[in-house]
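Visitor: To be precise about what I am sending: the file is called work.json and holds JSON, C-alpha atoms.
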[["chain", "number", "residue", "atom", "x", "y", "z"],
["A", 1, "PHE", "CA", -29.39, -40.60, -16.29],
["A", 2, "PRO", "CA", -28.78, -43.44, -17.30],
["A", 3, "SER", "CA", -25.46, -41.98, -18.32],
["A", 4, "HIS", "CA", -25.37, -43.36, -21.85],
["A", 5, "ASP", "CA", -26.31, -46.18, -24.14],
["A", 6, "ASN", "CA", -23.38, -48.59, -23.89],
["A", 7, "TRP", "CA", -21.68, -50.32, -26.81],
["A", 8, "TRP", "CA", -23.58, -53.61, -26.54],
["A", 9, "GLY", "CA", -26.98, -51.93, -26.77],
["A", 10, "GLY", "CA", -28.06, -51.69, -23.12],
["A", 11, "PHE", "CA", -27.98, -48.87, -20.61],
["A", 12, "HIS", "CA", -25.11, -48.12, -18.25],
["A", 13, "TYR", "CA", -26.59, -47.45, -14.81],
["A", 14, "GLY", "CA", -23.49, -46.49, -12.89],
["A", 15, "ILE", "CA", -20.42, -44.35, -13.09],
["A", 16, "ASP", "CA", -16.95, -45.56, -13.96],
["A", 17, "ILE", "CA", -14.05, -44.09, -12.03],
["A", 18, "SER", "CA", -10.41, -44.22, -13.08],
["A", 19, "GLY", "CA", -7.52, -41.81, -13.36],
["A", 20, "LEU", "CA", -6.91, -38.80, -11.15],
["A", 21, "THR", "CA", -9.69, -37.99, -8.65],
["A", 22, "THR", "CA", -10.55, -34.53, -7.34],
["A", 23, "ASN", "CA", -8.70, -35.27, -4.08],
["A", 24, "GLY", "CA", -5.48, -36.18, -5.90],
["A", 25, "ILE", "CA", -5.67, -39.99, -5.71],
["A", 26, "TYR", "CA", -4.80, -41.82, -8.91],
["A", 27, "VAL", "CA", -7.26, -44.71, -9.34],
["A", 28, "LYS", "CA", -5.62, -47.56, -11.22],
["A", 29, "GLU", "CA", -5.33, -51.38, -11.08],
["A", 30, "GLY", "CA", -4.87, -52.42, -7.45],
["A", 31, "THR", "CA", -5.92, -49.13, -5.82],
["A", 32, "PRO", "CA", -7.49, -49.94, -2.41],
["A", 33, "MET", "CA", -11.12, -48.90, -1.97],
["A", 34, "TYR", "CA", -12.61, -48.27, 1.50],
["A", 35, "TYR", "CA", -16.15, -47.90, 2.80],
["A", 36, "LYS", "CA", -16.92, -44.37, 3.94],
["A", 37, "GLY", "CA", -20.62, -44.61, 4.90],
["A", 38, "ASN", "CA", -21.90, -44.76, 8.46],
["A", 39, "ASN", "CA", -22.51, -48.51, 8.73],
["A", 40, "GLY", "CA", -23.71, -51.23, 6.44],
["A", 41, "THR", "CA", -23.90, -54.94, 5.71],
["A", 42, "VAL", "CA", -22.37, -56.81, 2.80],
["A", 43, "TYR", "CA", -25.37, -58.56, 1.26],
["A", 44, "LYS", "CA", -23.51, -60.10, -1.67],
["A", 45, "THR", "CA", -20.00, -60.66, -2.93],
["A", 46, "VAL", "CA", -18.74, -62.24, -6.12],
["A", 47, "THR", "CA", -15.17, -63.41, -5.61],
["A", 48, "SER", "CA", -14.56, -65.34, -8.82],
["A", 49, "GLY", "CA", -15.80, -65.54, -12.38],
["A", 50, "TYR", "CA", -17.66, -63.20, -14.68],
["A", 51, "GLY", "CA", -20.31, -62.03, -12.17],
["A", 52, "ASN", "CA", -22.95, -61.33, -14.85],
["A", 53, "GLY", "CA", -20.59, -58.78, -16.36],
["A", 54, "TYR", "CA", -19.79, -57.08, -13.05],
["A", 55, "GLY", "CA", -16.77, -59.33, -12.44],
["A", 56, "LEU", "CA", -15.60, -59.44, -8.85],
["A", 57, "ASN", "CA", -17.93, -57.18, -6.90],
["A", 58, "VAL", "CA", -19.26, -56.12, -3.51],
["A", 59, "ARG", "CA", -22.84, -55.10, -2.80],
["A", 60, "ILE", "CA", -23.67, -53.31, 0.43],
["A", 61, "LYS", "CA", -26.92, -52.39, 2.14],
["A", 62, "ASN", "CA", -26.26, -49.13, 3.97],
["A", 63, "GLU", "CA", -27.75, -48.33, 7.36],
["A", 64, "ASP", "CA", -30.26, -45.91, 5.76],
["A", 65, "GLY", "CA", -31.66, -48.71, 3.56],
["A", 66, "SER", "CA", -29.87, -47.66, 0.37],
["A", 67, "TYR", "CA", -27.58, -50.00, -1.58],
["A", 68, "ILE", "CA", -24.27, -49.57, -3.38],
["A", 69, "ILE", "CA", -22.58, -51.83, -5.91],
["A", 70, "CYS", "CA", -18.81, -51.73, -6.48],
["A", 71, "ALA", "CA", -17.78, -53.78, -9.51],
["A", 72, "HIS", "CA", -14.87, -54.91, -11.73],
["A", 73, "LEU", "CA", -12.60, -55.36, -8.70],
["A", 74, "SER", "CA", -9.29, -57.25, -8.82],
["A", 75, "GLN", "CA", -9.78, -58.38, -5.22],
["A", 76, "VAL", "CA", -12.73, -58.55, -2.80],
["A", 77, "SER", "CA", -11.52, -58.02, 0.77],
["A", 78, "ILE", "CA", -14.75, -58.57, 2.73],
["A", 79, "ALA", "CA", -17.10, -61.52, 3.19],
["A", 80, "GLN", "CA", -20.80, -61.72, 2.47],
["A", 81, "GLY", "CA", -22.77, -60.96, 5.66],
["A", 82, "ALA", "CA", -19.99, -58.85, 7.20],
["A", 83, "THR", "CA", -20.70, -55.52, 8.86],
["A", 84, "VAL", "CA", -18.90, -52.56, 7.32],
["A", 85, "THR", "CA", -17.97, -49.37, 9.15],
["A", 86, "PRO", "CA", -16.03, -46.30, 8.02],
["A", 87, "GLY", "CA", -12.54, -47.35, 6.96],
["A", 88, "THR", "CA", -13.38, -50.98, 6.11],
["A", 89, "LEU", "CA", -11.35, -52.21, 3.13],
["A", 90, "LEU", "CA", -13.82, -53.46, 0.49],
["A", 91, "GLY", "CA", -11.39, -54.50, -2.21],
["A", 92, "LYS", "CA", -9.05, -53.29, -4.91],
["A", 93, "ILE", "CA", -9.73, -51.69, -8.29],
["A", 94, "GLY", "CA", -9.53, -54.08, -11.21],
["A", 95, "ASN", "CA", -10.58, -55.08, -14.69],
["A", 96, "THR", "CA", -12.79, -58.15, -14.22],
["A", 97, "GLY", "CA", -16.09, -59.11, -15.85],
["A", 98, "HIS", "CA", -17.23, -57.09, -18.86],
["A", 99, "SER", "CA", -14.56, -54.42, -18.60],
["A", 100, "PHE", "CA", -11.96, -52.83, -20.85],
["A", 101, "GLY", "CA", -9.52, -51.28, -18.41],
["A", 102, "ALA", "CA", -9.06, -50.97, -14.67],
["A", 103, "HIS", "CA", -11.76, -48.85, -13.02],
["A", 104, "LEU", "CA", -14.48, -48.87, -10.37],
["A", 105, "HIS", "CA", -18.05, -49.22, -11.59],
["A", 106, "PHE", "CA", -20.27, -47.69, -8.87],
["A", 107, "GLU", "CA", -24.05, -47.88, -8.62],
["A", 108, "TYR", "CA", -26.48, -46.52, -6.02],
["A", 109, "ARG", "CA", -30.05, -47.53, -5.13],
["A", 110, "ALA", "CA", -32.13, -45.28, -2.88],
["A", 111, "PRO", "CA", -33.83, -46.61, 0.27],
["A", 112, "LYS", "CA", -37.04, -48.56, -0.41],
["A", 113, "THR", "CA", -36.13, -48.91, -4.10],
["A", 114, "PRO", "CA", -36.04, -52.46, -5.49],
["A", 115, "LEU", "CA", -32.57, -53.62, -6.43],
["A", 116, "SER", "CA", -33.89, -54.27, -9.92],
["A", 117, "ALA", "CA", -34.83, -50.57, -10.29],
["A", 118, "HIS", "CA", -32.44, -48.25, -12.07],
["A", 119, "GLY", "CA", -32.30, -44.58, -12.88],
["A", 120, "ILE", "CA", -30.67, -42.92, -9.86],
["A", 121, "ASP", "CA", -27.58, -40.91, -10.74],
["A", 122, "PRO", "CA", -24.85, -42.35, -8.45],
["A", 123, "TYR", "CA", -22.46, -39.41, -8.87],
["A", 124, "PRO", "CA", -23.69, -37.45, -5.81],
["A", 125, "TYR", "CA", -23.18, -40.54, -3.61],
["A", 126, "ILE", "CA", -19.70, -41.76, -4.50],
["A", 127, "ASP", "CA", -17.92, -39.47, -2.00],
["A", 128, "GLN", "CA", -20.44, -40.40, 0.70],
["A", 129, "TYR", "CA", -19.68, -44.14, 0.46],
["A", 130, "ILE", "CA", -16.27, -44.75, -1.16],
["A", 131, "GLN", "CA", -12.75, -43.57, -0.37],
["A", 132, "PHE", "CA", -9.58, -44.38, -2.29],
["A", 133, "LYS", "CA", -6.16, -44.46, -0.63]]
Translate this file's structure into structure tokens.

Guide:
Amino acid sequence: FPSHDNWWGGFHYGIDISGLTTNGIYVKEGTPMYYKGNNGTVYKTVTSGYGNGYGLNVRIKNEDGSYIICAHLSQVSIAQGATVTPGTLLGKIGNTGHSFGAHLHFEYRAPKTPLSAHGIDPYPYIDQYIQFK
């Protein structure tokens, strides 16, 4: 990790999820995405524009001090500063920002790790924090 060198010469620090998941949900444009962690707080949302390449996105500080970023959404369904609990609708899968097809870009930051730090493989955490329906 990082997963690969992306096409514009930088590193890709998250995972991109689209298509059929292991639990049989087909992730495509408009698929609802729900919070699955214990509790958290939305520390930032981008609800319009390019979002520095992330497009529409939601960033959550989880109760354990870790952070997740969910990007390229078609819709953000929660406000900055809101508390999130299991089952909270975060938004819908999209193709906004620097994206070439509908998918969820997911990143994870461990507790006590600066948000500017990268290098943690988010794959083991996706099922802990995100649920598709």

Visitor: Using all atoms listed in the file, can you tell me which of A:Gln75, A:Asn62, A:Leu56, A:Ile17 comes closest to Lys36 (chain A)?

Guide: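 So, comparing all the options, the nearest one is A:Asn62.
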
Visitor: A:Ser99, A:Gly87, A:Phe132, A:Thr113: which is nearest Asp16 (chain A), counting all atoms listed in the file?

Guide: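 For Asp16 (chain A), the nearest of the candidates is A:Ser99.
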
Visitor: Calculated over only C-alpha atoms, which of the candidates A:Thr41, A:Asn57, A:Thr31, A:Ser18 has the smallest distance to Gly97 (chain A)?

Guide: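 The shortest atom-to-atom distance to Gly97 (chain A) comes from A:Asn57.
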
Visitor: Would you compute the distance between CA of Thr47 (chain A) and CA of Val76 (chain A)? Give it in Å to one decimal.

Guide: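 Between CA of Thr47 (chain A) and CA of Val76 (chain A) the gap is 6.1 Å.
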
Visitor: Do you have, as JSON lines, the list of residues of region 45-76 of chain A lying at most 12 Å from region 91-96 of chain A, each with its nearest atom pair and that distance in Å to one decimal, counting all atoms listed in the file and ordered by chain then number?

Guide:
{"residue": "A:Thr45", "atom": "CA", "partner": "A:Gly91", "partner_atom": "CA", "distance": 10.6}
{"residue": "A:Val46", "atom": "CA", "partner": "A:Thr96", "partner_atom": "CA", "distance": 10.9}
{"residue": "A:Thr47", "atom": "CA", "partner": "A:Gly91", "partner_atom": "CA", "distance": 10.3}
{"residue": "A:Ser48", "atom": "CA", "partner": "A:Thr96", "partner_atom": "CA", "distance": 9.2}
{"residue": "A:Gly49", "atom": "CA", "partner": "A:Thr96", "partner_atom": "CA", "distance": 8.2}
{"residue": "A:Tyr50", "atom": "CA", "partner": "A:Thr96", "partner_atom": "CA", "distance": 7.0}
{"residue": "A:Gly51", "atom": "CA", "partner": "A:Thr96", "partner_atom": "CA", "distance": 8.7}
{"residue": "A:Asn52", "atom": "CA", "partner": "A:Thr96", "partner_atom": "CA", "distance": 10.7}
{"residue": "A:Gly53", "atom": "CA", "partner": "A:Thr96", "partner_atom": "CA", "distance": 8.1}
{"residue": "A:Tyr54", "atom": "CA", "partner": "A:Thr96", "partner_atom": "CA", "distance": 7.2}
{"residue": "A:Gly55", "atom": "CA", "partner": "A:Thr96", "partner_atom": "CA", "distance": 4.5}
{"residue": "A:Leu56", "atom": "CA", "partner": "A:Thr96", "partner_atom": "CA", "distance": 6.2}
{"residue": "A:Asn57", "atom": "CA", "partner": "A:Gly91", "partner_atom": "CA", "distance": 8.5}
{"residue": "A:Val58", "atom": "CA", "partner": "A:Gly91", "partner_atom": "CA", "distance": 8.1}
{"residue": "A:Arg59", "atom": "CA", "partner": "A:Gly91", "partner_atom": "CA", "distance": 11.5}
{"residue": "A:Cys70", "atom": "CA", "partner": "A:Gly91", "partner_atom": "CA", "distance": 9.0}
{"residue": "A:Ala71", "atom": "CA", "partner": "A:Thr96", "partner_atom": "CA", "distance": 8.1}
{"residue": "A:His72", "atom": "CA", "partner": "A:Thr96", "partner_atom": "CA", "distance": 4.6}
{"residue": "A:Leu73", "atom": "CA", "partner": "A:Gly94", "partner_atom": "CA", "distance": 4.2}
{"residue": "A:Ser74", "atom": "CA", "partner": "A:Gly94", "partner_atom": "CA", "distance": 4.0}
{"residue": "A:Gln75", "atom": "CA", "partner": "A:Lys92", "partner_atom": "CA", "distance": 5.2}
{"residue": "A:Val76", "atom": "CA", "partner": "A:Gly91", "partner_atom": "CA", "distance": 4.3}

Visitor: Which residues are near Gln80 (chain A)? Cut-off 7 Å, all atoms listed in the file, ignore same chain within fewer than 6 positions. Put them as a PyMOL selection string.

Guide: chain A and resi 42-45

Visitor: Grab the CA of Tyr34 (chain A) to CA of His98 (chain A) distance for me, in Å with one decimal place.

Guide: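 Computing it gives 22.7 Å between the two atoms.
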
Visitor: Just the residues within 12 Å of Asn23 (chain A), please, counting all atoms listed in the file, with nothing from its chain fewer than 2 positions along; format it as number ranges by chain.

Guide: A: 19-21, 25-27, 127, 131-133

Visitor: Quick one: distance from CA of Glu107 (chain A) to CA of Ile68 (chain A) in Å, one decimal?

Guide: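 Straight-line distance from CA of Glu107 (chain A) to CA of Ile68 (chain A) works out to 5.5 Å.
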
Visitor: Given all atoms listed in the file as the basis, pick out the residue of A:Gly14, A:Pro32, A:Gly24, A:Gly37 nearest to Leu89 (chain A).

Guide: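 Selected residue with least distance to Leu89 (chain A): A:Pro32.
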
Visitor: Hey, which of A:Gly40, A:Pro122, A:Pro111, A:Gly81 ends up closest to Ser66 (chain A)? Count only C-alpha atoms.

Guide: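 Of all the options, A:Pro111 lies closest to Ser66 (chain A).
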
Visitor: Can you work out which one of A:Ala110, A:Ala79, A:Met33, A:Ala102 has the shortest atom-to-atom distance to Gly65 (chain A), counting all atoms listed in the file?

Guide: A:Ala110
